[in-house]
Structure formats: C-alpha cells, structure tokens
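work.csv follows (CSV, C-alpha atoms):
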```csv
chain,number,residue,atom,x,y,z
A,1,MET,CA,11.4,41.0,76.5
A,2,ASP,CA,9.6,42.7,73.8
A,3,LYS,CA,9.7,46.3,72.4
A,4,TRP,CA,7.1,47.4,74.9
A,5,ASP,CA,9.3,46.3,77.8
A,6,HIS,CA,12.1,48.3,76.3
A,7,ARG,CA,10.0,51.4,75.9
A,8,PHE,CA,8.6,51.3,79.5
A,9,MET,CA,12.0,50.6,81.0
A,10,GLN,CA,13.3,53.6,79.1
A,11,MET,CA,10.5,55.6,80.7
A,12,ALA,CA,11.5,54.3,84.2
A,13,ARG,CA,15.1,55.4,83.6
A,14,LEU,CA,13.8,58.8,82.5
A,15,ILE,CA,11.6,59.2,85.6
A,16,SER,CA,14.5,58.1,87.8
A,17,GLN,CA,16.3,61.4,86.8
A,18,TRP,CA,13.7,63.3,88.8
A,19,SER,CA,14.8,61.7,92.0
A,20,SER,CA,15.7,64.0,94.9
A,21,CYS,CA,17.9,61.4,96.6
A,22,TYR,CA,21.3,62.7,97.7
A,23,ARG,CA,23.0,59.3,97.6
A,24,SER,CA,25.1,58.6,94.6
A,25,GLY,CA,23.6,55.9,92.4
A,26,ARG,CA,20.2,55.9,94.2
A,27,ALA,CA,18.1,57.6,91.6
A,28,ILE,CA,15.2,55.1,91.2
A,29,GLY,CA,12.3,55.3,88.8
A,30,ALA,CA,9.1,53.2,88.4
A,31,VAL,CA,6.3,53.1,85.8
A,32,ILE,CA,3.0,51.2,86.3
A,33,VAL,CA,1.5,50.0,83.1
A,34,LYS,CA,-1.8,48.3,82.2
A,35,ASP,CA,-2.8,47.2,78.7
A,36,LYS,CA,0.3,48.9,77.2
A,37,ARG,CA,-0.8,52.2,78.8
A,38,ILE,CA,1.1,54.1,81.5
A,39,MET,CA,-1.1,54.4,84.6
A,40,THR,CA,1.3,56.2,87.0
A,41,THR,CA,5.0,56.9,87.5
A,42,GLY,CA,7.1,57.4,90.6
A,43,TYR,CA,10.6,58.3,91.7
A,44,ASN,CA,12.3,58.2,95.0
A,45,GLY,CA,12.0,61.5,96.9
A,46,ALA,CA,10.7,63.2,99.9
A,47,PRO,CA,6.9,63.5,100.4
A,48,ALA,CA,5.2,66.7,99.1
A,49,GLY,CA,6.0,69.7,101.3
A,50,VAL,CA,9.0,68.0,103.0
A,51,THR,CA,12.5,69.3,102.3
A,52,THR,CA,14.4,66.8,100.1
A,53,CYS,CA,17.9,65.4,100.9
A,54,ARG,CA,19.2,67.2,97.8
A,55,GLU,CA,17.9,70.5,99.2
A,56,ARG,CA,19.3,69.6,102.6
A,57,GLY,CA,22.7,68.9,101.0
A,58,GLU,CA,23.1,65.6,102.9
A,59,CYS,CA,21.8,62.1,103.3
A,60,MET,CA,20.7,61.1,106.8
A,61,ARG,CA,21.5,57.4,105.9
A,62,ASP,CA,25.1,58.3,104.9
A,63,ILE,CA,25.6,60.3,108.1
A,64,GLN,CA,24.4,57.3,110.2
A,65,ASN,CA,26.3,54.8,108.0
A,66,ILE,CA,23.1,52.8,107.2
A,67,PRO,CA,23.9,50.2,104.5
A,68,SER,CA,21.8,50.0,101.4
A,69,GLY,CA,18.9,47.6,101.7
A,70,THR,CA,18.4,48.0,105.4
A,71,ARG,CA,16.4,50.3,107.7
A,72,ALA,CA,14.3,51.9,104.9
A,73,GLU,CA,12.2,53.7,107.4
A,74,LEU,CA,15.2,55.9,108.2
A,75,CYS,CA,15.1,58.0,105.1
A,76,TYR,CA,13.2,61.1,104.0
A,77,ALA,CA,12.4,59.5,100.6
A,78,ILE,CA,9.5,57.5,99.6
A,79,HIS,CA,10.5,54.7,97.2
A,80,ALA,CA,9.7,55.0,93.5
A,81,GLU,CA,7.4,52.0,93.6
A,82,GLN,CA,5.5,53.4,96.6
A,83,ASN,CA,5.1,56.8,94.9
A,84,ALA,CA,3.7,55.2,91.8
A,85,ILE,CA,1.2,53.1,93.9
A,86,LEU,CA,0.3,56.1,96.0
A,87,GLN,CA,-0.4,58.2,92.9
A,88,ALA,CA,-2.7,55.5,91.5
A,89,ALA,CA,-4.6,55.6,94.8
A,90,LYS,CA,-4.8,59.4,95.0
A,91,LEU,CA,-6.0,59.6,91.4
A,92,GLY,CA,-8.4,56.7,91.6
A,93,ILE,CA,-6.6,54.6,89.0
A,94,SER,CA,-6.9,50.8,89.1
A,95,ILE,CA,-3.5,49.2,88.7
A,96,ASP,CA,-4.9,45.7,89.5
A,97,GLY,CA,-3.4,43.2,87.1
A,98,GLY,CA,-0.8,45.7,85.9
A,99,THR,CA,3.0,45.5,85.4
A,100,ILE,CA,5.5,47.7,87.2
A,101,TYR,CA,8.8,48.6,85.5
A,102,CYS,CA,11.5,49.6,88.0
A,103,THR,CA,15.1,50.7,87.6
A,104,HIS,CA,15.9,48.5,90.6
A,105,GLN,CA,14.5,45.4,92.2
A,106,PRO,CA,11.9,46.4,94.7
A,107,CYS,CA,12.7,46.1,98.4
A,108,SER,CA,10.5,43.9,100.7
A,109,VAL,CA,8.3,46.8,101.8
A,110,CYS,CA,7.6,47.7,98.2
A,111,ALA,CA,7.1,44.0,97.4
A,112,LYS,CA,4.4,43.7,100.0
A,113,MET,CA,2.6,46.8,98.5
A,114,ILE,CA,3.0,45.5,94.9
A,115,VAL,CA,1.5,42.2,95.9
A,116,ASN,CA,-1.4,43.8,97.8
A,117,VAL,CA,-2.4,46.2,95.0
A,118,GLY,CA,-2.6,43.3,92.5
A,119,ILE,CA,0.3,44.0,90.3
A,120,LYS,CA,1.0,40.7,88.5
A,121,ARG,CA,4.4,41.4,86.9
A,122,VAL,CA,7.6,43.2,88.0
A,123,VAL,CA,10.3,44.1,85.5
A,124,TYR,CA,13.4,45.5,87.1
A,125,GLU,CA,16.9,46.3,85.7
A,126,ASN,CA,19.3,46.4,88.6
A,127,ALA,CA,19.6,44.1,91.6
A,128,TYR,CA,19.0,45.3,95.1
A,129,PRO,CA,20.3,43.7,98.3
A,130,ASP,CA,16.9,42.5,99.7
A,131,ALA,CA,16.4,38.8,99.2
A,132,PHE,CA,13.3,38.9,101.4
A,133,SER,CA,11.4,40.7,98.7
A,134,LEU,CA,11.7,37.6,96.5
A,135,VAL,CA,9.8,35.6,99.0
A,136,PHE,CA,6.7,37.8,98.7
A,137,PHE,CA,6.8,37.7,94.9
A,138,LYS,CA,7.3,34.0,94.7
A,139,GLU,CA,4.6,33.1,97.2
A,140,ALA,CA,2.0,35.5,95.7
A,141,GLY,CA,2.7,34.3,92.2
A,142,VAL,CA,4.0,37.7,90.9
A,143,LEU,CA,6.2,37.3,87.9
A,144,LEU,CA,9.6,38.8,88.5
A,145,GLU,CA,11.8,39.4,85.5
A,146,GLN,CA,15.2,41.1,85.3
A,147,PHE,CA,15.4,43.4,82.3
A,148,GLU,CA,18.3,42.8,80.0
A,149,ASP,CA,18.7,45.5,77.3
A,150,LYS,CA,19.7,43.4,74.3
A,151,ALA,CA,17.8,45.4,71.7
A,152,SER,CA,19.3,48.4,70.0
A,153,GLU,CA,17.8,51.8,70.1
A,154,LYS,CA,16.5,51.5,66.5
A,155,GLU,CA,14.4,48.5,67.4
A,156,THR,CA,12.5,50.3,70.1
```

Before anything else, please render the file you have as structure tokens.
Amino acid sequence: MDKWDHRFMQMARLISQWSSCYRSGRAIGAVIVKDKRIMTTGYNGAPAGVTTCRERGECMRDIQNIPSGTRAELCYAIHAEQNAILQAAKLGISIDGGTIYCTHQPCSVCAKMIVNVGIKRVVYENAYPDAFSLVFFKEAGVLLEQFEDKASEKET
C-alpha cells in the first residue's frame, strides 16, 4: 500500500461518518478513484426522499433479527459502494478501470455491480461475512486487497 491508498482510505472512513444506518458498527464509506482523482463517494443510507433508519429511530433488520451479510434487500439503506456507483451514473462520470476504497469488504450484490462497471481494484479495510463476493472478484480478475494501516499519520 502506498501513500495514496492511505489517503483514499482515510477519505472512505470520513465519508462513512455520513451514514444514516441505525445499526451499531455499520457506518460504511466508499470512494471511487481514477488516476489518483476522486470520481465519486458513497455511504450507506436510505435513498433520497426516504426516511432513514436513524430518523425512524430503529433498524428493520434488528427488529426482524436478520444477521449481517444476509437478506440485504430487507434494508432501507443503499450500500456505500452502490451509492458511489449510482452517483457516477447520475453525473455521467466514467469509473471504468478505477479503484474503489471501502471501509468494509463489498457484499456479493455490490461485487457484481463493481465487476460490471469495470472497476479493476477493490481496497477494503474490514472483513464482511459474504464469501460469495470473493467468487465474483476472482473470476472477473478484479484485484482485491485488504488495507492494513501500517503507515503513521505523518507519512500520509
């Protein structure tokens, strides 16, 4: 990992703070980068115009005892990676050949989207319980790297 990876992962962590997810520990951020330039960002949260879980004061997934990594469709939030990809589409920004930095390993639904939009590298910090996503990255030849923060703040 180089200094750029550290910088962009710091940005993904910052973006994750904007999450509207009610679940503890589920603030996720993503940054899509191309040629050392930030193309788009995303965090997990409800679609525009829809009441967020934080505003509701509850998580539908917690109420229904849905384990993390399963039944992603039963959630008000759009994943951070999906939001970053959707922003690129909405704004007409090409992310083909780019890198996505994520605070968490993408799920299999996000993995399929990442592969299809032509992102070639995924850098994530925290593991996520969805081994199926690894199948898509491996088969499509997308480089998947777990970020390890070994550099001090002064180096970045």

Proximity of segment 9-42 of chain A to segment 75-87 of chain A: per-residue shortest pair, 6 Å limit, all atoms listed in the file, as a Markdown table:
```
| residue | atom | partner | partner_atom | distance |
| --- | --- | --- | --- | --- |
| A:Ile28 | CA | A:Ala80 | CA | 6.0 |
| A:Gly29 | CA | A:Ala80 | CA | 5.4 |
| A:Ala30 | CA | A:Ala80 | CA | 5.4 |
| A:Thr40 | CA | A:Ala84 | CA | 5.5 |
| A:Thr41 | CA | A:Ala84 | CA | 4.8 |
| A:Gly42 | CA | A:Ala84 | CA | 4.2 |
```

Item to complete: Could you tell me which of A:Gly45, A:Cys21, A:Ile32, A:Gly92 comes closest to Cys59 of chain A if we count all atoms listed in the file?
Response: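 When distances to Cys59 of chain A are compared using all atoms listed in the file, the smallest one comes from A:Cys21.
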
Worksheet item: Skipping near chain neighbours, those fewer than 5 positions away, what residues fall within 12 Å of Val135 of chain A using all atoms listed in the file, listed as a ChimeraX atom specification?
Response: /A:106-109,111-112,115,130,140-144

Discussion item. Between atom CA of Val50 of chain A and atom CA of Asp96 of chain A, what is the distance in Å, rounded to a tenth?
Written reply: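 So the two atoms, atom CA of Val50 of chain A and atom CA of Asp96 of chain A, lie 29.5 Å apart.
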
Worksheet item: Which is closer to Gly97 of chain A than all the others in A:Val117, A:Met1, A:Ala12, A:Ala127, using only C-alpha atoms?
Response: A:Val117

Item to complete: Quote the spacing between atom CA of Asn116 of chain A and atom CA of Phe147 of chain A in Å to one decimal place.
Response: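 Between atom CA of Asn116 of chain A and atom CA of Phe147 of chain A the gap works out to 22.9 Å.
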
Fill in: Atom pair atom CA of Ile119 of chain A / atom CA of Lys138 of chain A: separation (Å)
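Straight-line distance from atom CA of Ile119 of chain A to atom CA of Lys138 of chain A works out to 13.0 Å.
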
Where is the centre and how long are the edges: axis-aligned box on segment 56-61 of chain A, 4 Å on each side, Å to one decimal, as AutoDock Vina command-line options:
```
--center_x 21.2 --center_y 63.5 --center_z 103.9 --size_x 11.8 --size_y 20.2 --size_z 13.8
```

Worksheet item: Which one is closest to Met113 of chain A: A:Ile93, A:Pro67, A:Ile100, A:Lys34? Count all atoms listed in the file.
Response: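 Result for the nearest residue to Met113 of chain A: A:Ile100.
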
Worksheet entry | Closest of A:Tyr101, A:Tyr43, A:Phe136, A:Phe8 to Arg121 of chain A - atom-to-atom distances counting only C-alpha atoms |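 Closest residue, counting only C-alpha atoms: A:Tyr101.
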
Practice prompt. Name the residues, using the chain letters and numbers of the file, that sit within 10 Å of (16.4, 56.4, 83.3) when counting only C-alpha atoms, and give them as a list of chain:residue names.
Written response: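 The residues near that point, listed by chain and number, are A:Met9, A:Gln10, A:Met11, A:Ala12, A:Arg13, A:Leu14, A:Ile15, A:Ser16, A:Gln17, A:Trp18, A:Ala27, A:Ile28, A:Gly29, A:Ala30, A:Cys102, A:Thr103.
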
Expected file: the selected residues, C-alpha atoms, as an mmCIF file, in the coordinates of the input:
```cif
data_model
loop_
_atom_site.group_PDB
_atom_site.id
_atom_site.type_symbol
_atom_site.label_atom_id
_atom_site.label_comp_id
_atom_site.auth_asym_id
_atom_site.auth_seq_id
_atom_site.Cartn_x
_atom_site.Cartn_y
_atom_site.Cartn_z
ATOM 1 C CA MET A 9 12.000 50.600 81.000
ATOM 2 C CA GLN A 10 13.300 53.600 79.100
ATOM 3 C CA MET A 11 10.500 55.600 80.700
ATOM 4 C CA ALA A 12 11.500 54.300 84.200
ATOM 5 C CA ARG A 13 15.100 55.400 83.600
ATOM 6 C CA LEU A 14 13.800 58.800 82.500
ATOM 7 C CA ILE A 15 11.600 59.200 85.600
ATOM 8 C CA SER A 16 14.500 58.100 87.800
ATOM 9 C CA GLN A 17 16.300 61.400 86.800
ATOM 10 C CA TRP A 18 13.700 63.300 88.800
ATOM 11 C CA ALA A 27 18.100 57.600 91.600
ATOM 12 C CA ILE A 28 15.200 55.100 91.200
ATOM 13 C CA GLY A 29 12.300 55.300 88.800
ATOM 14 C CA ALA A 30 9.100 53.200 88.400
ATOM 15 C CA CYS A 102 11.500 49.600 88.000
ATOM 16 C CA THR A 103 15.100 50.700 87.600
#
```

Discussion item. With distances taken over only C-alpha atoms, which residue among A:Thr99, A:Ser94, A:Thr70, A:Gln64 lies nearest Ala131 of chain A?
Written reply: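 Ranked by minimum distance to Ala131 of chain A, first place goes to A:Thr70.
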
Item to complete: Name the closest residue to Ile38 of chain A among the candidates A:Arg7, A:His104, A:Lys90, A:Arg71; distances are taken between atoms, counting only C-alpha atoms.
Response: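 The shortest atom-to-atom distance to Ile38 of chain A comes from A:Arg7.
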
Start from the incomplete input, build N, CA and C atoms for segment 1-24 of chain A, and deliver everything as an mmCIF file, keeping the file's coordinate frame.
```cif
data_model
loop_
_atom_site.group_PDB
_atom_site.id
_atom_site.type_symbol
_atom_site.label_atom_id
_atom_site.label_comp_id
_atom_site.auth_asym_id
_atom_site.auth_seq_id
_atom_site.Cartn_x
_atom_site.Cartn_y
_atom_site.Cartn_z
ATOM 1 N N MET A 1 11.864 39.604 76.443
ATOM 2 C CA MET A 1 11.400 41.000 76.500
ATOM 3 C C MET A 1 11.082 41.498 75.135
ATOM 4 N N ASP A 2 9.990 42.220 75.062
ATOM 5 C CA ASP A 2 9.600 42.700 73.800
ATOM 6 C C ASP A 2 9.829 44.255 73.694
ATOM 7 N N LYS A 3 9.430 44.845 72.575
ATOM 8 C CA LYS A 3 9.700 46.300 72.400
ATOM 9 C C LYS A 3 8.973 47.138 73.416
ATOM 10 N N TRP A 4 7.807 46.678 73.912
ATOM 11 C CA TRP A 4 7.100 47.400 74.900
ATOM 12 C C TRP A 4 7.865 47.464 76.232
ATOM 13 N N ASP A 5 8.463 46.330 76.598
ATOM 14 C CA ASP A 5 9.300 46.300 77.800
ATOM 15 C C ASP A 5 10.435 47.289 77.695
ATOM 16 N N HIS A 6 11.043 47.367 76.541
ATOM 17 C CA HIS A 6 12.100 48.300 76.300
ATOM 18 C C HIS A 6 11.649 49.760 76.458
ATOM 19 N N ARG A 7 10.516 50.033 75.876
ATOM 20 C CA ARG A 7 10.000 51.400 75.900
ATOM 21 C C ARG A 7 9.632 51.801 77.375
ATOM 22 N N PHE A 8 8.984 50.903 78.107
ATOM 23 C CA PHE A 8 8.600 51.300 79.500
ATOM 24 C C PHE A 8 9.798 51.320 80.402
ATOM 25 N N MET A 9 10.822 50.500 80.150
ATOM 26 C CA MET A 9 12.000 50.600 81.000
ATOM 27 C C MET A 9 12.769 51.904 80.672
ATOM 28 N N GLN A 10 12.755 52.333 79.432
ATOM 29 C CA GLN A 10 13.300 53.600 79.100
ATOM 30 C C GLN A 10 12.616 54.741 79.877
ATOM 31 N N MET A 11 11.310 54.628 79.982
ATOM 32 C CA MET A 11 10.500 55.600 80.700
ATOM 33 C C MET A 11 10.893 55.579 82.204
ATOM 34 N N ALA A 12 11.062 54.387 82.773
ATOM 35 C CA ALA A 12 11.500 54.300 84.200
ATOM 36 C C ALA A 12 12.823 54.936 84.403
ATOM 37 N N ARG A 13 13.732 54.741 83.464
ATOM 38 C CA ARG A 13 15.100 55.400 83.600
ATOM 39 C C ARG A 13 14.917 56.914 83.529
ATOM 40 N N LEU A 14 14.069 57.401 82.640
ATOM 41 C CA LEU A 14 13.800 58.800 82.500
ATOM 42 C C LEU A 14 13.254 59.395 83.832
ATOM 43 N N ILE A 15 12.242 58.724 84.349
ATOM 44 C CA ILE A 15 11.600 59.200 85.600
ATOM 45 C C ILE A 15 12.595 59.159 86.751
ATOM 46 N N SER A 16 13.540 58.218 86.745
ATOM 47 C CA SER A 16 14.500 58.100 87.800
ATOM 48 C C SER A 16 15.367 59.427 87.923
ATOM 49 N N GLN A 17 15.491 60.141 86.819
ATOM 50 C CA GLN A 17 16.300 61.400 86.800
ATOM 51 C C GLN A 17 15.623 62.485 87.634
ATOM 52 N N TRP A 18 14.361 62.309 87.995
ATOM 53 C CA TRP A 18 13.700 63.300 88.800
ATOM 54 C C TRP A 18 13.892 63.070 90.303
ATOM 55 N N SER A 19 14.594 62.020 90.644
ATOM 56 C CA SER A 19 14.800 61.700 92.000
ATOM 57 C C SER A 19 15.465 62.831 92.806
ATOM 58 N N SER A 20 15.070 62.958 94.072
ATOM 59 C CA SER A 20 15.700 64.000 94.900
ATOM 60 C C SER A 20 16.606 63.342 95.957
ATOM 61 N N CYS A 21 16.968 62.080 95.715
ATOM 62 C CA CYS A 21 17.900 61.400 96.600
ATOM 63 C C CYS A 21 19.287 61.931 96.483
ATOM 64 N N TYR A 22 19.929 62.115 97.607
ATOM 65 C CA TYR A 22 21.300 62.700 97.700
ATOM 66 C C TYR A 22 22.351 61.638 97.437
ATOM 67 N N ARG A 23 22.045 60.397 97.730
ATOM 68 C CA ARG A 23 23.000 59.300 97.600
ATOM 69 C C ARG A 23 23.373 59.053 96.144
ATOM 70 N N SER A 24 24.634 58.877 95.896
ATOM 71 C CA SER A 24 25.100 58.600 94.600
ATOM 72 C C SER A 24 24.591 57.210 94.109
#
```
